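Structure file work-v6.cif with mmCIF, C-alpha atoms (C1' of nucleotides):
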```
data_start
#
loop_
_atom_site.label_atom_id
_atom_site.label_comp_id
_atom_site.auth_asym_id
_atom_site.auth_seq_id
_atom_site.Cartn_x
_atom_site.Cartn_y
_atom_site.Cartn_z
CA MET D 1 114.72 24.09 79.84
CA ASP D 2 117.70 26.30 79.14
CA GLU D 3 120.86 24.27 78.95
CA THR D 4 123.02 27.37 79.00
CA PRO D 5 121.38 30.48 80.41
CA GLY D 6 123.49 32.61 78.09
CA LEU D 7 126.84 34.24 78.59
CA ARG D 8 125.43 37.41 80.01
CA GLU D 9 123.51 35.60 82.69
CA ARG D 10 126.47 33.44 83.61
CA LYS D 11 128.70 36.45 83.99
CA LYS D 12 126.17 38.18 86.18
CA ALA D 13 125.84 35.15 88.38
CA ALA D 14 129.61 34.96 88.67
CA THR D 15 129.90 38.60 89.65
CA ARG D 16 127.15 38.28 92.17
CA LEU D 17 128.80 35.26 93.66
CA ALA D 18 132.20 36.96 93.75
CA LEU D 19 130.71 39.91 95.56
CA HIS D 20 128.99 37.61 98.00
CA GLU D 21 132.15 35.69 98.76
CA ALA D 22 134.17 38.84 99.15
CA ALA D 23 131.59 40.33 101.47
CA LEU D 24 131.42 37.20 103.57
CA ARG D 25 135.17 36.81 103.84
CA LEU D 26 135.89 40.41 104.67
CA ALA D 27 133.04 40.58 107.16
CA ILE D 28 134.45 37.57 108.97
CA GLU D 29 137.99 38.92 108.94
CA GLN D 30 137.39 42.52 109.85
CA GLY D 31 133.93 42.62 111.37
CA VAL D 32 130.84 43.79 109.60
CA ASP D 33 131.25 47.44 110.48
CA GLY D 34 134.94 47.41 109.66
CA VAL D 35 134.27 46.64 106.01
CA THR D 36 133.30 49.21 103.44
CA VAL D 37 131.33 48.51 100.33
CA GLU D 38 134.29 49.83 98.41
CA ALA D 39 136.58 47.19 99.89
CA ILE D 40 134.15 44.46 98.92
CA ALA D 41 133.85 45.75 95.37
CA ASP D 42 137.61 46.03 95.14
CA THR D 43 138.11 42.46 96.27
CA ALA D 44 135.66 41.26 93.66
CA ASN D 45 137.31 43.43 90.99
CA VAL D 46 134.36 45.59 90.17
CA SER D 47 133.60 49.22 90.86
CA ARG D 48 131.77 50.38 93.93
CA ARG D 49 129.00 51.56 91.65
CA THR D 50 128.59 48.07 90.24
CA PHE D 51 128.19 46.66 93.71
CA SER D 52 125.10 48.80 94.04
CA ASN D 53 123.72 47.27 90.86
CA TYR D 54 123.73 43.87 92.53
CA PHE D 55 123.01 44.48 96.19
CA SER D 56 121.41 47.27 98.12
CA GLY D 57 123.93 47.00 100.94
CA LYS D 58 126.70 44.85 102.34
CA GLU D 59 124.36 42.86 104.53
CA GLU D 60 122.33 41.77 101.55
CA ALA D 61 125.55 40.63 99.92
CA ILE D 62 126.55 38.70 103.01
CA PHE D 63 123.27 36.83 103.13
CA HIS D 64 123.12 36.05 99.45
CA GLY D 65 124.11 32.49 100.34
CA ASP D 66 121.06 32.13 102.53
CA THR D 67 118.94 33.62 99.78
CA MET D 68 120.16 31.06 97.26
CA ARG D 69 119.48 28.25 99.69
CA LEU D 70 115.95 29.49 100.19
CA ARG D 71 115.34 29.72 96.46
CA ARG D 72 116.53 26.16 96.13
CA MET D 73 114.19 25.14 98.89
CA LEU D 74 111.28 26.68 97.02
CA GLU D 75 112.14 24.45 94.08
CA LEU D 76 112.23 21.39 96.30
CA ILE D 77 108.82 22.27 97.63
CA ARG D 78 107.31 22.82 94.19
CA GLU D 79 108.60 19.46 93.03
CA GLN D 80 106.51 17.62 95.55
CA PRO D 81 103.03 16.15 95.14
CA THR D 82 100.17 18.48 95.92
CA ASP D 83 98.07 15.92 97.70
CA GLU D 84 100.20 15.60 100.79
CA GLN D 85 100.01 17.40 104.10
CA PRO D 86 101.66 20.80 103.66
CA TRP D 87 103.81 20.47 106.77
CA THR D 88 105.05 17.09 105.58
CA VAL D 89 106.03 18.64 102.28
CA LEU D 90 107.84 21.48 103.99
CA THR D 91 109.66 19.21 106.38
CA ARG D 92 110.87 16.94 103.62
CA ALA D 93 112.08 19.87 101.56
CA ALA D 94 113.93 21.31 104.52
CA LEU D 95 115.67 18.06 105.32
CA ARG D 96 116.67 17.48 101.69
CA LEU D 97 118.05 20.96 101.47
CA THR D 98 120.05 20.43 104.60
CA GLU D 99 121.51 17.23 103.23
CA GLU D 100 122.41 18.95 99.99
CA THR D 101 124.10 21.69 101.93
CA TYR D 102 126.25 19.17 103.76
CA LEU D 103 127.13 17.18 100.68
CA GLY D 104 127.71 20.09 98.36
CA ASN D 105 129.44 23.30 99.19
CA MET D 106 130.07 22.67 102.83
CA GLU D 107 132.05 25.88 102.63
CA TRP D 108 128.86 27.74 103.14
CA LEU D 109 128.17 26.15 106.48
CA ILE D 110 131.69 26.66 107.74
CA ARG D 111 131.96 30.31 106.87
CA ARG D 112 128.39 30.92 107.84
CA ARG D 113 129.22 29.78 111.32
CA GLN D 114 132.10 32.18 111.58
CA LEU D 115 129.65 35.02 111.49
CA ARG D 116 128.76 34.13 115.05
CA GLY D 117 129.27 37.07 117.32
CA HIS D 118 128.19 39.67 114.80
CA PRO D 119 124.71 40.16 116.19
CA SER D 120 124.16 43.35 114.23
CA LEU D 121 123.39 41.07 111.31
CA ALA D 122 120.45 39.38 112.97
CA SER D 123 117.84 41.72 111.57
CA HIS D 124 119.18 41.38 108.06
CA GLN D 125 119.10 37.62 108.29
CA VAL D 126 115.50 37.82 109.29
CA ALA D 127 114.86 40.05 106.32
CA ALA D 128 116.55 37.57 103.99
CA TYR D 129 114.21 34.86 105.15
CA THR D 130 111.09 36.92 104.67
CA VAL D 131 111.90 37.80 101.08
CA VAL D 132 110.55 34.47 99.87
CA GLU D 133 107.67 34.46 102.28
CA ARG D 134 105.07 35.70 99.82
CA GLU D 135 106.19 33.32 97.13
CA LEU D 136 106.02 30.40 99.50
CA ALA D 137 102.63 31.50 100.76
CA ALA D 138 101.32 31.54 97.20
CA GLU D 139 102.56 28.03 96.64
CA LEU D 140 101.02 26.82 99.89
CA ALA D 141 97.69 28.48 99.19
CA ASP D 142 97.24 26.03 96.31
CA ARG D 143 97.72 23.18 98.71
CA LEU D 144 95.17 24.27 101.29
CA SER D 145 91.41 24.22 101.43
CA GLY D 146 88.70 25.46 103.75
CA ASP D 147 88.30 28.88 105.30
CA ASP D 148 90.86 31.62 105.37
CA VAL D 149 93.17 29.97 102.89
CA GLU D 150 95.04 33.20 102.25
CA LEU D 151 95.75 33.93 105.86
CA ARG D 152 96.54 30.36 106.79
CA ALA D 153 98.97 30.05 103.90
CA ARG D 154 100.77 33.19 104.97
CA VAL D 155 100.97 32.03 108.55
CA LEU D 156 102.22 28.62 107.52
CA ALA D 157 104.88 30.10 105.27
CA ALA D 158 106.02 32.52 107.94
CA VAL D 159 106.09 29.88 110.64
CA PHE D 160 108.08 27.51 108.50
CA LEU D 161 110.62 30.09 107.41
CA THR D 162 111.10 31.48 110.86
CA THR D 163 111.65 27.99 112.17
CA MET D 164 114.34 27.39 109.59
CA ARG D 165 115.94 30.67 110.54
CA VAL D 166 115.99 29.79 114.22
CA ALA D 167 117.46 26.40 113.40
CA VAL D 168 120.29 27.95 111.41
CA GLN D 169 120.92 30.58 114.05
CA ASP D 170 120.94 28.01 116.79
CA SER D 171 123.26 25.85 114.76
CA THR D 172 125.78 28.64 114.36
CA GLU D 173 125.78 29.05 118.11
CA HIS D 174 126.19 25.33 118.77
CA PRO D 175 128.53 24.27 115.98
CA ASP D 176 129.11 20.86 117.53
CA ARG D 177 125.58 19.64 116.91
CA PRO D 178 124.81 18.53 113.34
CA LEU D 179 122.63 20.96 111.45
CA LEU D 180 120.30 18.17 110.38
CA ASP D 181 119.55 17.38 114.01
CA VAL D 182 118.76 20.95 114.83
CA VAL D 183 116.57 21.42 111.79
CA SER D 184 114.51 18.34 112.41
CA ALA D 185 114.11 19.05 116.11
CA ALA D 186 113.05 22.61 115.37
CA LEU D 187 110.56 21.57 112.71
CA ALA D 188 109.12 18.89 114.95
CA SER D 189 108.47 21.34 117.73
CA ALA D 190 106.84 23.84 115.40
CA ALA D 191 104.56 21.38 113.63
CA PRO D 192 101.03 22.81 113.67
CA ALA D 193 98.18 20.80 115.08
CA MET V 194 107.11 50.07 141.92
CA ASP V 195 108.10 53.53 140.80
CA GLU V 196 105.22 55.88 141.15
CA THR V 197 106.99 58.57 139.16
CA PRO V 198 109.82 57.37 136.97
CA GLY V 199 111.46 60.76 137.48
CA LEU V 200 111.27 63.85 135.37
CA ARG V 201 114.21 62.86 133.23
CA GLU V 202 112.66 59.57 132.25
CA ARG V 203 109.33 61.13 131.51
CA LYS V 204 110.90 63.72 129.29
CA LYS V 205 112.80 61.09 127.40
CA ALA V 206 109.69 59.06 126.88
CA ALA V 207 107.89 62.16 125.66
CA THR V 208 110.66 62.99 123.20
CA ARG V 209 110.78 59.44 121.92
CA LEU V 210 107.04 59.46 121.47
CA ALA V 211 107.09 62.83 119.73
CA LEU V 212 109.73 61.58 117.32
CA HIS V 213 107.73 58.44 116.67
CA GLU V 214 104.54 60.35 115.98
CA ALA V 215 106.32 62.79 113.72
CA ALA V 216 107.99 59.99 111.81
CA LEU V 217 104.73 58.12 111.39
CA ARG V 218 102.78 61.16 110.28
CA LEU V 219 105.35 62.41 107.83
CA ALA V 220 105.92 58.95 106.41
CA ILE V 221 102.21 58.61 105.74
CA GLU V 222 101.94 62.05 104.20
CA GLN V 223 105.04 62.11 102.05
CA GLY V 224 106.08 58.50 101.69
CA VAL V 225 108.88 56.86 103.58
CA ASP V 226 111.60 57.84 101.15
CA GLY V 227 110.33 61.37 100.83
CA VAL V 228 110.98 62.12 104.46
CA THR V 229 114.34 63.06 105.87
CA VAL V 230 115.48 62.45 109.40
CA GLU V 231 115.98 66.18 109.67
CA ALA V 232 112.33 66.84 108.87
CA ILE V 233 111.25 64.39 111.54
CA ALA V 234 113.52 65.94 114.14
CA ASP V 235 112.29 69.39 113.17
CA THR V 236 108.67 68.40 113.57
CA ALA V 237 109.42 67.02 117.01
CA ASN V 238 111.37 70.15 117.94
CA VAL V 239 114.70 68.53 118.54
CA SER V 240 117.92 68.58 116.62
CA ARG V 241 118.77 66.05 113.99
CA ARG V 242 121.58 64.88 116.22
CA THR V 243 119.18 64.14 119.03
CA PHE V 244 117.11 61.98 116.76
CA SER V 245 120.14 59.74 116.42
CA ASN V 246 120.34 59.45 120.20
CA TYR V 247 116.92 57.85 120.21
CA PHE V 248 116.63 55.87 117.01
CA SER V 249 119.12 54.42 114.59
CA GLY V 250 117.06 55.37 111.57
CA LYS V 251 113.64 56.58 110.51
CA GLU V 252 112.24 53.11 110.15
CA GLU V 253 113.00 52.30 113.75
CA ALA V 254 111.18 55.48 114.73
CA ILE V 255 108.20 54.55 112.62
CA PHE V 256 107.87 51.14 114.24
CA HIS V 257 108.33 52.35 117.78
CA GLY V 258 104.60 51.89 118.23
CA ASP V 259 104.89 48.22 117.39
CA THR V 260 107.84 47.94 119.72
CA MET V 261 105.86 49.37 122.62
CA ARG V 262 103.00 47.01 121.91
CA LEU V 263 105.35 44.07 121.99
CA ARG V 264 106.88 45.19 125.29
CA ARG V 265 103.39 45.42 126.72
CA MET V 266 102.68 41.93 125.46
CA LEU V 267 105.74 40.61 127.27
CA GLU V 268 104.30 42.02 130.47
CA LEU V 269 100.97 40.37 129.83
CA ILE V 270 102.74 37.07 129.32
CA ARG V 271 104.81 37.35 132.47
CA GLU V 272 101.73 38.10 134.52
CA GLN V 273 100.24 34.73 133.75
CA PRO V 274 100.49 31.50 135.76
CA THR V 275 103.44 29.31 134.90
CA ASP V 276 101.54 26.05 135.09
CA GLU V 277 99.53 26.51 131.95
CA GLN V 278 100.20 25.43 128.39
CA PRO V 279 102.61 27.93 126.83
CA TRP V 280 100.54 28.39 123.69
CA THR V 281 97.45 29.08 125.79
CA VAL V 282 99.36 31.72 127.69
CA LEU V 283 100.60 33.32 124.49
CA THR V 284 97.19 33.29 122.87
CA ARG V 285 95.55 34.91 125.85
CA ALA V 286 98.19 37.60 126.03
CA ALA V 287 97.83 38.33 122.33
CA LEU V 288 94.08 38.65 122.53
CA ARG V 289 94.23 40.88 125.59
CA LEU V 290 96.76 43.10 123.91
CA THR V 291 94.56 43.38 120.87
CA GLU V 292 91.59 44.37 122.99
CA GLU V 293 93.66 46.98 124.78
CA THR V 294 94.76 48.35 121.46
CA TYR V 295 91.19 48.77 120.35
CA LEU V 296 90.00 50.30 123.60
CA GLY V 297 92.98 52.55 124.19
CA ASN V 298 94.83 54.58 121.64
CA MET V 299 92.96 53.43 118.59
CA GLU V 300 94.99 56.06 116.83
CA TRP V 301 97.75 53.54 116.49
CA LEU V 302 95.66 51.13 114.51
CA ILE V 303 94.30 53.80 112.21
CA ARG V 304 97.60 55.35 111.30
CA ARG V 305 99.29 52.01 111.25
CA ARG V 306 96.96 50.98 108.49
CA GLN V 307 97.79 54.02 106.44
CA LEU V 308 101.27 52.68 106.00
CA ARG V 309 99.83 50.16 103.60
CA GLY V 310 101.49 50.44 100.25
CA HIS V 311 104.93 51.25 101.61
CA PRO V 312 106.38 47.75 101.20
CA SER V 313 109.92 48.96 101.71
CA LEU V 314 109.11 48.94 105.39
CA ALA V 315 108.37 45.23 105.54
CA SER V 316 111.87 44.18 106.49
CA HIS V 317 112.04 46.73 109.26
CA GLN V 318 108.75 45.56 110.68
CA VAL V 319 110.10 42.05 110.78
CA ALA V 320 113.16 43.35 112.58
CA ALA V 321 111.00 45.13 115.14
CA TYR V 322 109.26 41.90 115.96
CA THR V 323 112.45 39.93 116.41
CA VAL V 324 113.93 42.39 118.88
CA VAL V 325 111.94 40.86 121.72
CA GLU V 326 112.41 37.32 120.49
CA ARG V 327 115.24 36.44 122.84
CA GLU V 328 113.50 37.92 125.83
CA LEU V 329 110.35 36.00 125.08
CA ALA V 330 112.33 32.81 124.52
CA ALA V 331 113.93 33.20 127.94
CA GLU V 332 110.52 33.58 129.55
CA LEU V 333 109.17 30.55 127.72
CA ALA V 334 112.16 28.40 128.59
CA ASP V 335 111.06 28.59 132.22
CA ARG V 336 107.69 27.24 131.24
CA LEU V 337 108.92 24.22 129.29
CA SER V 338 110.37 20.90 130.29
CA GLY V 339 111.85 17.88 128.56
CA ASP V 340 114.54 17.79 125.89
CA ASP V 341 115.85 20.70 123.92
CA VAL V 342 114.22 23.30 126.09
CA GLU V 343 116.43 26.06 124.73
CA LEU V 344 115.71 25.33 121.10
CA ARG V 345 112.03 24.68 121.60
CA ALA V 346 111.64 27.92 123.51
CA ARG V 347 113.32 29.86 120.73
CA VAL V 348 111.18 28.22 118.09
CA LEU V 349 108.03 28.84 120.05
CA ALA V 350 108.89 32.49 120.59
CA ALA V 351 109.75 32.98 116.94
CA VAL V 352 106.64 31.20 115.72
CA PHE V 353 104.40 33.21 117.99
CA LEU V 354 105.92 36.56 117.09
CA THR V 355 105.95 35.87 113.38
CA THR V 356 102.30 34.87 113.59
CA MET V 357 101.46 38.14 115.29
CA ARG V 358 103.37 39.99 112.61
CA VAL V 359 101.51 38.26 109.81
CA ALA V 360 98.23 38.97 111.53
CA VAL V 361 99.00 42.67 111.77
CA GLN V 362 100.25 42.80 108.20
CA ASP V 363 97.21 40.99 106.93
CA SER V 364 94.99 43.28 108.92
CA THR V 365 96.52 46.37 107.37
CA GLU V 366 95.75 44.91 103.97
CA HIS V 367 92.17 44.01 104.85
CA PRO V 368 91.12 46.93 107.02
CA ASP V 369 87.49 45.88 106.98
CA ARG V 370 88.05 42.77 109.05
CA PRO V 371 88.42 43.30 112.81
CA LEU V 372 91.97 42.85 114.03
CA LEU V 373 90.80 40.55 116.81
CA ASP V 374 89.36 38.17 114.24
CA VAL V 375 92.54 38.05 112.25
CA VAL V 376 94.73 37.57 115.29
CA SER V 377 92.70 34.72 116.65
CA ALA V 378 92.42 32.99 113.29
CA ALA V 379 96.14 33.31 112.73
CA LEU V 380 97.03 32.01 116.17
CA ALA V 381 94.63 29.11 115.81
CA SER V 382 96.22 28.01 112.56
CA ALA V 383 99.72 28.25 113.99
CA ALA V 384 99.03 26.38 117.22
CA PRO V 385 101.68 23.68 117.60
CA ALA V 386 100.64 20.09 118.03
"C1'" DT U 387 128.57 38.09 58.84
"C1'" DA U 388 126.76 42.60 59.91
"C1'" DC U 389 124.28 45.54 62.62
"C1'" DA U 390 121.05 47.46 65.77
"C1'" DA U 391 118.85 47.05 70.16
"C1'" DA U 392 119.19 45.71 74.75
"C1'" DC U 393 121.94 45.49 78.50
"C1'" DC U 394 126.17 46.17 81.80
"C1'" DT U 395 129.82 48.59 83.78
"C1'" DT U 396 131.87 52.62 85.26
"C1'" DG U 397 132.88 57.36 86.77
"C1'" DC U 398 130.92 61.49 88.38
"C1'" DC U 399 127.93 63.49 91.32
"C1'" DC U 400 124.98 64.80 95.38
"C1'" DA U 401 121.90 64.59 99.23
"C1'" DA U 402 121.36 61.85 103.24
"C1'" DC U 403 123.06 59.45 106.98
"C1'" DA U 404 125.41 57.40 111.39
"C1'" DG U 405 127.95 58.35 114.83
"C1'" DG U 406 132.54 60.50 117.39
"C1'" DC U 407 133.61 64.45 119.97
"C1'" DA U 408 133.31 68.43 123.02
"C1'" DA U 409 130.88 72.42 124.90
"C1'" DG U 410 126.79 73.92 127.02
"C1'" DT U 411 122.45 72.81 129.60
"C1'" DT U 412 119.25 70.22 132.57
"C1'" DT U 413 118.12 66.94 136.21
"C1'" DG U 414 118.91 64.14 140.39
"C1'" DC U 415 120.65 63.99 144.86
"C1'" DC U 416 122.93 65.28 149.08
"C1'" DG Y 417 123.13 75.66 147.10
"C1'" DG Y 418 126.16 72.86 144.68
"C1'" DC Y 419 128.16 68.89 142.51
"C1'" DA Y 420 127.95 64.81 139.40
"C1'" DA Y 421 125.56 62.37 136.01
"C1'" DA Y 422 122.89 62.57 132.10
"C1'" DC Y 423 121.05 64.86 128.04
"C1'" DT Y 424 121.10 68.09 123.96
"C1'" DT Y 425 123.26 70.29 120.39
"C1'" DG Y 426 126.42 71.78 116.68
"C1'" DC Y 427 130.25 70.55 114.13
"C1'" DC Y 428 132.55 67.32 111.45
"C1'" DT Y 429 133.94 63.20 108.63
"C1'" DG Y 430 133.69 58.93 106.20
"C1'" DT Y 431 130.19 56.08 104.06
"C1'" DT Y 432 126.21 55.24 101.55
"C1'" DG Y 433 122.43 54.68 97.81
"C1'" DG Y 434 121.15 55.81 93.66
"C1'" DG Y 435 120.39 59.20 89.29
"C1'" DC Y 436 122.60 60.10 85.08
"C1'" DA Y 437 125.19 59.56 80.80
"C1'" DA Y 438 129.20 57.75 78.26
"C1'" DG Y 439 131.32 53.92 76.79
"C1'" DG Y 440 131.69 48.71 76.01
"C1'" DT Y 441 129.54 43.87 75.52
"C1'" DT Y 442 126.06 40.45 74.41
"C1'" DT Y 443 122.06 39.01 71.87
"C1'" DG Y 444 118.80 38.49 68.37
"C1'" DT Y 445 117.82 39.22 63.62
"C1'" DA Y 446 118.50 39.77 58.86
#
```

Go ahead and render the structure in this file as structure tokens.
Amino acid sequence: MDETPGLRERKKAATRLALHEAALRLAIEQGVDGVTVEAIADTANVSRRTFSNYFSGKEEAIFHGDTMRLRRMLELIREQPTDEQPWTVLTRAALRLTEETYLGNMEWLIRRRQLRGHPSLASHQVAAYTVVERELAAELADRLSGDDVELRARVLAAVFLTTMRVAVQDSTEHPDRPLLDVVSAALASAAPA
Amino acid sequence: MDETPGLRERKKAATRLALHEAALRLAIEQGVDGVTVEAIADTANVSRRTFSNYFSGKEEAIFHGDTMRLRRMLELIREQPTDEQPWTVLTRAALRLTEETYLGNMEWLIRRRQLRGHPSLASHQVAAYTVVERELAAELADRLSGDDVELRARVLAAVFLTTMRVAVQDSTEHPDRPLLDVVSAALASAAPA
DNA sequence: TACAAACCTTGCCCAACAGGCAAGTTTGCC
DNA sequence: GGCAAACTTGCCTGTTGGGCAAGGTTTGTA
């Protein structure tokens, strides 16, 4: 494994993160439509043109946090034994991720919740969650057998990711209830037969 | 019930449909990015400005067919008895809708399939399917009981809609297999415990 | 250490776009 | 017929994504 991913990569990650944070902060402060890409780039000390090299739009920048979480979740899933029930694997990964989120940069959760009331973002959040859908489906296909493995893997991946999305959305609307609760309740009610 | 929804409404529906058809046709012919909103409006014999009164972008126009199908599905769901298992109700509605689609304007299915290979649309398709999510969740909430009705209704709605989406996507990628087959296989594998 | 190739950032540019506004036109209703 | 509400359109402006090429930085290699 790479101890240090190289200076170039580290710088890129830093810039991406800076843009994400700027986007998130400004969107919370001034509303999503009140922020221009230029303002975000400014805040992160890069040119507007550079912003476009990292994200295809401000919404993508805003949801980069969700994207990173989902990538991490993919890792957690891949780490697990292949001889267990797929839904069990998915549930465990989701709960671990949620714990990590609480223990680690709780910032994410706090600021994420402040996006409540900007419903124009909903469709972009959905999009963020479907980006990893194919990757997850491929992983799950290896863990299934029988007929229609392709289709069933895709359905399972989509169902799982959409459940996670609903849990996060619901949690931003009911900030008093612990995220872990919401996630496990949501997953329980979506568990396939 | 309104026998005639009024001339105004009929004209609007006709314009919306004309824009949708134009968008779909041009997108298939020239690729999604190769088409301008102006060209679509032109083809439908309205001004570019009027296009904006109907749709917020070309992708929304392209997926108006899906949107109509989903609205129809909501009707089919509402028509059904409230004392049956929610998933049974949803499955039946989905299958009926699919039959209708085959019997009626099969055009939709044919041209829908020709969008294959324009993956930039994927996120917008997902968005189209989530538009009705809240409405469906509200309907389902009335049909559930026990704890967490709100959350479970949302999860159920999201799971169902995402399954339908995957089925349609999968069907566009495997045009040889009947849509009804794919839909019922997908729903079966997503059925909650 | 030197140097070339690969890669990033930036400014410049342009076509496309969303949506506010106001004037003109059509429809619904009495 | 005639009035009010709703719709269409043209005009306009600020914003956007992304192509291109000129610099600067990092990396791998010798």

Nearest-residue call for chain V, choices Y:DA422, Y:DA437, Y:DC428, Y:DA446, using only C-alpha atoms (C1' of nucleotides)
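Ranked by minimum distance to chain V, first place goes to Y:DA422.
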
Contact residues (chain V, partner chain U, 12 Å, all atoms listed in the file) as a PyMOL selection string
chain V and resi 198-205+226-232+241-246+248-251

Distance cut-off 8 Å, centre (128.3, 28.9, 117.3) in file coordinates, counting only C-alpha atoms (C1' of nucleotides): which residues qualify? Return them as a list in words.
Arg113, Gln114, Arg116, Asp170, Ser171, Thr172, Glu173, His174 and Pro175 of chain D

Provide as a VMD selection string the residues of chain Y at most 9 Å from chain D, counting all atoms listed in the file.
chain Y and resid 431 to 434 441 to 443

Give as JSON, numbers by chain every residue, naming chains and numbers as the document does, that has an atom within 10 Å of (113.6, 24.2, 100.0), counting all atoms listed in the file.
{"D": [68, 69, 70, 71, 72, 73, 74, 75, 76, 77, 78, 79, 89, 90, 91, 92, 93, 94, 95, 96, 97, 98, 136, 161]}

Give me, as a PyMOL selection string, the residues of chain D touching chain V, with the criterion being at most 10 Å (counting all atoms listed in the file).
chain D and resi 122-131+147-148+150-167+170-171+182+185-193

Quote the spacing between CA of Ala254 in chain V and CA of Met299 in chain V in Å to one decimal place.
18.7 Å

Quick one: residues within 9 Å of Thr208 in chain V, all atoms listed in the file counted, chain neighbours fewer than 5 positions away excluded, as a ChimeraX atom specification?
/V:203,213,237-239,247

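Across the structure, CA of Gly117 in chain D and CA of Glu326 in chain V are spaced 17.2 Å apart.
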
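Atom to atom, CA of Arg134 in chain D and CA of Trp87 in chain D stand 16.8 Å apart.
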
Given the PyMOL selection byres ((chain V and resi 275) around 10) and the file above, list the residues it selects as a short mmCIF file (atom, residue, chain, number, x, y, z; two decimals) with C-alpha atoms, in the frame of the given file.
```cif
data_model
loop_
_atom_site.label_atom_id
_atom_site.label_comp_id
_atom_site.auth_asym_id
_atom_site.auth_seq_id
_atom_site.Cartn_x
_atom_site.Cartn_y
_atom_site.Cartn_z
CA ILE V 270 102.74 37.07 129.32
CA ARG V 271 104.81 37.35 132.47
CA GLU V 272 101.73 38.10 134.52
CA GLN V 273 100.24 34.73 133.75
CA PRO V 274 100.49 31.50 135.76
CA ASP V 276 101.54 26.05 135.09
CA GLU V 277 99.53 26.51 131.95
CA GLN V 278 100.20 25.43 128.39
CA PRO V 279 102.61 27.93 126.83
CA VAL V 282 99.36 31.72 127.69
CA GLU V 332 110.52 33.58 129.55
CA LEU V 333 109.17 30.55 127.72
CA ASP V 335 111.06 28.59 132.22
CA ARG V 336 107.69 27.24 131.24
CA LEU V 337 108.92 24.22 129.29
#
```
